[in-house]
Amino acid sequence: MTDILVQDPLKTLRAPNSDKIRSLLDYYESIVALIFARLVDTKDEEADEPISKYTVYADIYEGLVEMFTKDTTQSSKGGYYKAITAQPDKYYFKCSKKVINLLKNLKMQGKLVYLLTGSYIESASSTAAYCLGPNWKDYFDIIIGNAKKPAFFYANKEFKCLDGFKATEPISAQQLELNGVYVNGNWKDLREFIVRHLRNPNPKCLYVGDHLLQDIYGPSFFLCCDTVAICEELAGKKHPYEKTINSSFWGSYFNDEQVDTFWFKLMKDHSKMWFSDMDALADIKCDSSQ
């Protein structure tokens, strides 16, 4: 399995490989490690000793599917989304004025700014409203939810319109509109939208993300656009939760005895730049001519 991960990481996201190996690469996924560890401890406690084989992942996976289904998001069953929307300050940091000004300035310079997220649109909306403010939609020229990354970058799933938070009929690339909010879709149609509204047949496209497989490796591997990686471990001891993100047990996320780790090499090979957070990115002066 490690050979498959190194040769083509995206193969580990699909069955049957996804039943044998799972990379936890963002904060939404990191909770799985804690759940897994506690279930292993529970099994050991029940047996009064470490057991030779654990069969808990199937139950974890079933629970995750239930927790993240659209019906659960809309109805707040199970309390997961309900807890987040009730106390967003407990789970999110608000974006700084520096980041908001970056988004505003990009639009003022004539750039087309898009928001592309794998989250369901209702979840993304509540998160963005807290982090960016009630006028968050004004900072983007098009908003796309439930994008099914990394398949968004290579598949041909159609865009769909929304009636409230409910997806309606599929639409073509020509029907995508400025300031529209959509779900699903694919990179080919999004690029056609960008070309049409910038009136530039060869626009330079950039995607900023923090998930190394979905946001960085995927678009780079399929030659869709340049990428910028957000990696909080780069903050080192300056990070407010430094003791959480830096492991004294596993060592550096970036190298071991001067040899790059797999994830750092992937980041270097498939992103143009990398930053510890969006504030650091916002400090970079953008060339309005590019």
# chains A, B, ... in the order shown; residues from 1 in each chain; ligands from 1
$ residues_around --residues "Pro219 (chain A)" --least-positions-apart "3" --cutoff "10 Å" --atoms "only C-alpha atoms" --output "ChimeraX atom specification"
/A:149-154,187,206-207,213-216,222-227,270-271
$ select_by_dssp --residues "region 160-190 of chain A" --states "helix (DSSP H, G or I)" --output "ChimeraX atom specification"
/A:173-175,187-190
$ residues_around --residues "region 158-168 of chain A" --least-positions-apart "2" --cutoff "12 Å" --atoms "only C-alpha atoms" --output "JSON, numbers by chain"
{"A": [70, 71, 73, 74, 120, 121, 122, 123, 124, 125, 126, 143, 144, 145, 146, 147, 148, 151, 152, 155, 156, 170, 171, 172, 173, 174, 175, 176, 177, 180, 181, 182, 183, 184, 185, 186, 187, 188, 189, 190, 193]}
$ closest_residue --among "A:Gln258, A:Lys137, A:Leu112, A:Ile51" --to "Arg196 (chain A)" --atoms "only C-alpha atoms"
A:Leu112
$ select_by_dssp --residues "region 6-220 of chain A" --states "strand (DSSP E or B)" --output "list in words"
Tyr114, Leu115, Leu116, Ile142, Ile143, Ile144, Gly145, Phe159, Lys160, Cys161, Leu162, Asp163, Lys166, Ala167, Thr168, Glu169, Pro170, Ile171, Gly180, Val181, Tyr182, Val183, Asn184, Leu206, Tyr207, Val208 and Gly209 of chain A
$ write_last_selection --atoms "C-alpha atoms" --output "compact mmCIF listing (two decimals), in the first residue's frame"
# COMPACT_ATOMS: atom_id res chain seq x y z
CA TYR A 114 -13.64 31.76 -7.26
CA LEU A 115 -14.47 29.78 -4.14
CA LEU A 116 -14.25 26.03 -4.68
CA ILE A 142 -18.47 32.43 -8.53
CA ILE A 143 -19.03 30.02 -5.62
CA ILE A 144 -18.98 26.23 -5.98
CA GLY A 145 -19.90 23.80 -3.20
CA PHE A 159 -22.72 21.87 -12.50
CA LYS A 160 -26.11 22.21 -10.83
CA CYS A 161 -28.10 25.28 -9.84
CA LEU A 162 -29.54 25.76 -6.38
CA ASP A 163 -33.01 26.46 -5.06
CA LYS A 166 -31.32 22.22 -2.77
CA ALA A 167 -29.60 21.23 -6.02
CA THR A 168 -31.82 21.47 -9.08
CA GLU A 169 -31.22 20.83 -12.78
CA PRO A 170 -27.78 20.42 -14.41
CA ILE A 171 -26.49 23.35 -16.47
CA GLY A 180 -23.67 32.55 -9.18
CA VAL A 181 -23.68 29.82 -6.52
CA TYR A 182 -23.52 26.23 -7.77
CA VAL A 183 -22.70 22.69 -6.69
CA ASN A 184 -20.72 19.80 -8.22
CA LEU A 206 -4.35 29.55 -9.34
CA TYR A 207 -5.93 27.43 -6.63
CA VAL A 208 -5.14 27.88 -2.94
CA GLY A 209 -5.85 25.00 -0.58
$ closest_atom_pairs --of "region 139-225 of chain A" --to "region 6-26 of chain A" --cutoff "8 Å" --atoms "only C-alpha atoms" --output "CSV"
residue,atom,partner,partner_atom,distance
A:Asp210,CA,A:Asp26,CA,7.1
A:His211,CA,A:Leu25,CA,5.8
A:Leu212,CA,A:Leu25,CA,6.8
A:Leu213,CA,A:Leu10,CA,6.9
A:Gly218,CA,A:Leu10,CA,7.6
$ residues_around --residues "Asn255 (chain A)" --least-positions-apart "6" --cutoff "12 Å" --atoms "only C-alpha atoms" --output "PDB file with C-alpha atoms, in the first residue's frame"
ATOM      1  CA  THR A 261       9.252  13.502   4.066  1.00  0.00           C
ATOM      2  CA  PHE A 262       6.809  12.188   1.474  1.00  0.00           C
ATOM      3  CA  TRP A 263       4.285  14.946   2.193  1.00  0.00           C
ATOM      4  CA  PHE A 264       6.802  17.782   2.047  1.00  0.00           C
ATOM      5  CA  LYS A 265       8.191  16.474  -1.244  1.00  0.00           C
TER       6      LYS A 265
END
$ residues_around --residues "region 94-101 of chain A" --least-positions-apart "2" --cutoff "6 Å" --atoms "only C-alpha atoms" --output "PyMOL selection string"
chain A and resi 103-105+131-132+282
$ closest_residue --among "A:Cys231, A:Val40, A:Ile194, A:Ala83" --to "Met267 (chain A)" --atoms "only C-alpha atoms"
A:Cys231
$ atom_distance --atom1 "CA of Tyr61 (chain A)" --atom2 "CA of Ile31 (chain A)"
12.2 Å
$ closest_residue --among "A:Leu281, A:Lys243, A:Tyr91, A:Cys205" --to "Arg191 (chain A)" --atoms "only C-alpha atoms"
A:Cys205
$ residues_around --residues "Ile245 (chain A)" --least-positions-apart "3" --cutoff "8 Å" --atoms "only C-alpha atoms" --output "MDAnalysis selection string"
chainID A and resid 232:233 241:242
$ atom_distance --atom1 "CA of Ala47 (chain A)" --atom2 "CA of Gly63 (chain A)"
23.6 Å
$ atom_distance --atom1 "CA of Lys43 (chain A)" --atom2 "CA of Leu5 (chain A)"
28.6 Å
$ decode --residues "region 24-74 of chain A" --atoms "N, CA and C atoms" --output "PDB file, in the first residue's frame"
ATOM      1  N   LEU A  24      -5.026  11.308   6.668  1.00  0.00           N
ATOM      2  CA  LEU A  24      -5.836  12.330   7.340  1.00  0.00           C
ATOM      3  C   LEU A  24      -5.120  13.663   7.186  1.00  0.00           C
ATOM      4  N   LEU A  25      -5.602  14.484   6.262  1.00  0.00           N
ATOM      5  CA  LEU A  25      -4.806  15.621   5.811  1.00  0.00           C
ATOM      6  C   LEU A  25      -5.412  16.988   6.091  1.00  0.00           C
ATOM      7  N   ASP A  26      -6.543  17.053   6.784  1.00  0.00           N
ATOM      8  CA  ASP A  26      -7.054  18.367   7.181  1.00  0.00           C
ATOM      9  C   ASP A  26      -7.787  18.225   8.512  1.00  0.00           C
ATOM     10  N   TYR A  27      -8.266  19.341   9.039  1.00  0.00           N
ATOM     11  CA  TYR A  27      -8.858  19.314  10.370  1.00  0.00           C
ATOM     12  C   TYR A  27     -10.168  18.538  10.424  1.00  0.00           C
ATOM     13  N   TYR A  28     -10.916  18.516   9.320  1.00  0.00           N
ATOM     14  CA  TYR A  28     -12.152  17.743   9.311  1.00  0.00           C
ATOM     15  C   TYR A  28     -11.860  16.250   9.417  1.00  0.00           C
ATOM     16  N   GLU A  29     -10.747  15.822   8.855  1.00  0.00           N
ATOM     17  CA  GLU A  29     -10.406  14.395   8.868  1.00  0.00           C
ATOM     18  C   GLU A  29      -9.615  13.984  10.104  1.00  0.00           C
ATOM     19  N   SER A  30      -8.926  14.923  10.729  1.00  0.00           N
ATOM     20  CA  SER A  30      -8.009  14.569  11.816  1.00  0.00           C
ATOM     21  C   SER A  30      -8.721  13.944  13.009  1.00  0.00           C
ATOM     22  N   ILE A  31     -10.022  14.221  13.159  1.00  0.00           N
ATOM     23  CA  ILE A  31     -10.759  13.628  14.276  1.00  0.00           C
ATOM     24  C   ILE A  31     -10.781  12.105  14.187  1.00  0.00           C
ATOM     25  N   VAL A  32     -10.622  11.574  12.974  1.00  0.00           N
ATOM     26  CA  VAL A  32     -10.672  10.123  12.787  1.00  0.00           C
ATOM     27  C   VAL A  32      -9.539   9.445  13.550  1.00  0.00           C
ATOM     28  N   ALA A  33      -8.375  10.077  13.595  1.00  0.00           N
ATOM     29  CA  ALA A  33      -7.233   9.489  14.302  1.00  0.00           C
ATOM     30  C   ALA A  33      -7.555   9.301  15.783  1.00  0.00           C
ATOM     31  N   LEU A  34      -8.189  10.305  16.377  1.00  0.00           N
ATOM     32  CA  LEU A  34      -8.549  10.217  17.795  1.00  0.00           C
ATOM     33  C   LEU A  34      -9.595   9.132  18.026  1.00  0.00           C
ATOM     34  N   ILE A  35     -10.608   9.096  17.165  1.00  0.00           N
ATOM     35  CA  ILE A  35     -11.658   8.079  17.297  1.00  0.00           C
ATOM     36  C   ILE A  35     -11.058   6.680  17.166  1.00  0.00           C
ATOM     37  N   PHE A  36     -10.194   6.516  16.162  1.00  0.00           N
ATOM     38  CA  PHE A  36      -9.552   5.214  15.923  1.00  0.00           C
ATOM     39  C   PHE A  36      -8.748   4.789  17.159  1.00  0.00           C
ATOM     40  N   ALA A  37      -7.951   5.698  17.693  1.00  0.00           N
ATOM     41  CA  ALA A  37      -7.107   5.379  18.848  1.00  0.00           C
ATOM     42  C   ALA A  37      -7.949   4.991  20.064  1.00  0.00           C
ATOM     43  N   ARG A  38      -9.031   5.716  20.288  1.00  0.00           N
ATOM     44  CA  ARG A  38      -9.872   5.414  21.447  1.00  0.00           C
ATOM     45  C   ARG A  38     -10.578   4.071  21.297  1.00  0.00           C
ATOM     46  N   LEU A  39     -10.977   3.731  20.073  1.00  0.00           N
ATOM     47  CA  LEU A  39     -11.610   2.430  19.857  1.00  0.00           C
ATOM     48  C   LEU A  39     -10.612   1.290  20.051  1.00  0.00           C
ATOM     49  N   VAL A  40      -9.378   1.498  19.598  1.00  0.00           N
ATOM     50  CA  VAL A  40      -8.334   0.492  19.819  1.00  0.00           C
ATOM     51  C   VAL A  40      -8.103   0.307  21.318  1.00  0.00           C
ATOM     52  N   ASP A  41      -8.023   1.410  22.056  1.00  0.00           N
ATOM     53  CA  ASP A  41      -7.849   1.322  23.511  1.00  0.00           C
ATOM     54  C   ASP A  41      -9.027   0.596  24.162  1.00  0.00           C
ATOM     55  N   THR A  42     -10.223   0.882  23.680  1.00  0.00           N
ATOM     56  CA  THR A  42     -11.419   0.239  24.234  1.00  0.00           C
ATOM     57  C   THR A  42     -11.377  -1.272  24.023  1.00  0.00           C
ATOM     58  N   LYS A  43     -10.990  -1.689  22.817  1.00  0.00           N
ATOM     59  CA  LYS A  43     -10.887  -3.125  22.526  1.00  0.00           C
ATOM     60  C   LYS A  43      -9.836  -3.791  23.413  1.00  0.00           C
ATOM     61  N   ASP A  44      -8.715  -3.097  23.619  1.00  0.00           N
ATOM     62  CA  ASP A  44      -7.664  -3.647  24.483  1.00  0.00           C
ATOM     63  C   ASP A  44      -8.151  -3.771  25.928  1.00  0.00           C
ATOM     64  N   GLU A  45      -8.886  -2.762  26.382  1.00  0.00           N
ATOM     65  CA  GLU A  45      -9.403  -2.787  27.755  1.00  0.00           C
ATOM     66  C   GLU A  45     -10.404  -3.918  27.947  1.00  0.00           C
ATOM     67  N   GLU A  46     -11.230  -4.138  26.926  1.00  0.00           N
ATOM     68  CA  GLU A  46     -12.208  -5.232  27.011  1.00  0.00           C
ATOM     69  C   GLU A  46     -11.517  -6.593  27.096  1.00  0.00           C
ATOM     70  N   ALA A  47     -10.372  -6.720  26.422  1.00  0.00           N
ATOM     71  CA  ALA A  47      -9.640  -7.996  26.419  1.00  0.00           C
ATOM     72  C   ALA A  47      -8.606  -8.079  27.539  1.00  0.00           C
ATOM     73  N   ASP A  48      -8.436  -6.993  28.278  1.00  0.00           N
ATOM     74  CA  ASP A  48      -7.431  -6.913  29.348  1.00  0.00           C
ATOM     75  C   ASP A  48      -6.006  -7.040  28.836  1.00  0.00           C
ATOM     76  N   GLU A  49      -5.817  -6.863  27.506  1.00  0.00           N
ATOM     77  CA  GLU A  49      -4.487  -6.888  26.910  1.00  0.00           C
ATOM     78  C   GLU A  49      -4.585  -6.428  25.452  1.00  0.00           C
ATOM     79  N   PRO A  50      -3.468  -6.011  24.859  1.00  0.00           N
ATOM     80  CA  PRO A  50      -3.503  -5.641  23.435  1.00  0.00           C
ATOM     81  C   PRO A  50      -3.881  -6.847  22.588  1.00  0.00           C
ATOM     82  N   ILE A  51      -4.833  -6.696  21.698  1.00  0.00           N
ATOM     83  CA  ILE A  51      -5.255  -7.813  20.860  1.00  0.00           C
ATOM     84  C   ILE A  51      -4.453  -7.823  19.561  1.00  0.00           C
ATOM     85  N   SER A  52      -4.502  -8.935  18.845  1.00  0.00           N
ATOM     86  CA  SER A  52      -3.653  -9.096  17.655  1.00  0.00           C
ATOM     87  C   SER A  52      -4.255  -8.466  16.406  1.00  0.00           C
ATOM     88  N   LYS A  53      -5.584  -8.314  16.367  1.00  0.00           N
ATOM     89  CA  LYS A  53      -6.225  -7.779  15.168  1.00  0.00           C
ATOM     90  C   LYS A  53      -7.416  -6.910  15.555  1.00  0.00           C
ATOM     91  N   TYR A  54      -7.530  -5.765  14.875  1.00  0.00           N
ATOM     92  CA  TYR A  54      -8.625  -4.833  15.157  1.00  0.00           C
ATOM     93  C   TYR A  54      -9.518  -4.711  13.921  1.00  0.00           C
ATOM     94  N   THR A  55     -10.820  -4.712  14.137  1.00  0.00           N
ATOM     95  CA  THR A  55     -11.772  -4.587  13.024  1.00  0.00           C
ATOM     96  C   THR A  55     -12.743  -3.445  13.311  1.00  0.00           C
ATOM     97  N   VAL A  56     -12.189  -2.297  13.623  1.00  0.00           N
ATOM     98  CA  VAL A  56     -13.034  -1.166  14.028  1.00  0.00           C
ATOM     99  C   VAL A  56     -13.241  -0.151  12.906  1.00  0.00           C
ATOM    100  N   TYR A  57     -12.398  -0.195  11.858  1.00  0.00           N
ATOM    101  CA  TYR A  57     -12.477   0.868  10.856  1.00  0.00           C
ATOM    102  C   TYR A  57     -13.803   0.862  10.100  1.00  0.00           C
ATOM    103  N   ALA A  58     -14.364  -0.318   9.856  1.00  0.00           N
ATOM    104  CA  ALA A  58     -15.646  -0.385   9.141  1.00  0.00           C
ATOM    105  C   ALA A  58     -16.724   0.377   9.898  1.00  0.00           C
ATOM    106  N   ASP A  59     -16.705   0.274  11.225  1.00  0.00           N
ATOM    107  CA  ASP A  59     -17.681   0.999  12.042  1.00  0.00           C
ATOM    108  C   ASP A  59     -17.406   2.499  12.011  1.00  0.00           C
ATOM    109  N   ILE A  60     -16.122   2.863  12.040  1.00  0.00           N
ATOM    110  CA  ILE A  60     -15.763   4.278  11.960  1.00  0.00           C
ATOM    111  C   ILE A  60     -16.237   4.863  10.637  1.00  0.00           C
ATOM    112  N   TYR A  61     -15.969   4.145   9.560  1.00  0.00           N
ATOM    113  CA  TYR A  61     -16.346   4.626   8.234  1.00  0.00           C
ATOM    114  C   TYR A  61     -17.860   4.795   8.121  1.00  0.00           C
ATOM    115  N   GLU A  62     -18.599   3.830   8.630  1.00  0.00           N
ATOM    116  CA  GLU A  62     -20.063   3.915   8.580  1.00  0.00           C
ATOM    117  C   GLU A  62     -20.549   5.143   9.349  1.00  0.00           C
ATOM    118  N   GLY A  63     -19.930   5.400  10.491  1.00  0.00           N
ATOM    119  CA  GLY A  63     -20.308   6.572  11.277  1.00  0.00           C
ATOM    120  C   GLY A  63     -19.979   7.872  10.571  1.00  0.00           C
ATOM    121  N   LEU A  64     -18.824   7.923   9.898  1.00  0.00           N
ATOM    122  CA  LEU A  64     -18.432   9.134   9.172  1.00  0.00           C
ATOM    123  C   LEU A  64     -19.372   9.407   8.006  1.00  0.00           C
ATOM    124  N   VAL A  65     -19.737   8.348   7.290  1.00  0.00           N
ATOM    125  CA  VAL A  65     -20.673   8.513   6.171  1.00  0.00           C
ATOM    126  C   VAL A  65     -21.991   9.084   6.675  1.00  0.00           C
ATOM    127  N   GLU A  66     -22.473   8.560   7.789  1.00  0.00           N
ATOM    128  CA  GLU A  66     -23.723   9.054   8.364  1.00  0.00           C
ATOM    129  C   GLU A  66     -23.577  10.511   8.815  1.00  0.00           C
ATOM    130  N   MET A  67     -22.441  10.818   9.416  1.00  0.00           N
ATOM    131  CA  MET A  67     -22.233  12.163   9.968  1.00  0.00           C
ATOM    132  C   MET A  67     -22.130  13.223   8.883  1.00  0.00           C
ATOM    133  N   PHE A  68     -21.557  12.858   7.722  1.00  0.00           N
ATOM    134  CA  PHE A  68     -21.297  13.852   6.684  1.00  0.00           C
ATOM    135  C   PHE A  68     -22.271  13.783   5.506  1.00  0.00           C
ATOM    136  N   THR A  69     -23.338  12.988   5.606  1.00  0.00           N
ATOM    137  CA  THR A  69     -24.306  12.969   4.512  1.00  0.00           C
ATOM    138  C   THR A  69     -25.068  14.281   4.459  1.00  0.00           C
ATOM    139  N   LYS A  70     -25.606  14.589   3.287  1.00  0.00           N
ATOM    140  CA  LYS A  70     -26.321  15.846   3.108  1.00  0.00           C
ATOM    141  C   LYS A  70     -27.542  15.934   4.012  1.00  0.00           C
ATOM    142  N   ASP A  71     -28.259  14.819   4.176  1.00  0.00           N
ATOM    143  CA  ASP A  71     -29.439  14.827   5.037  1.00  0.00           C
ATOM    144  C   ASP A  71     -29.072  15.203   6.463  1.00  0.00           C
ATOM    145  N   THR A  72     -27.924  14.709   6.920  1.00  0.00           N
ATOM    146  CA  THR A  72     -27.471  15.041   8.267  1.00  0.00           C
ATOM    147  C   THR A  72     -27.139  16.520   8.373  1.00  0.00           C
ATOM    148  N   THR A  73     -26.529  17.069   7.334  1.00  0.00           N
ATOM    149  CA  THR A  73     -26.186  18.487   7.328  1.00  0.00           C
ATOM    150  C   THR A  73     -27.430  19.350   7.420  1.00  0.00           C
ATOM    151  N   GLN A  74     -28.448  19.002   6.652  1.00  0.00           N
ATOM    152  CA  GLN A  74     -29.656  19.820   6.606  1.00  0.00           C
ATOM    153  C   GLN A  74     -30.509  19.677   7.858  1.00  0.00           C
TER     154      GLN A  74
END
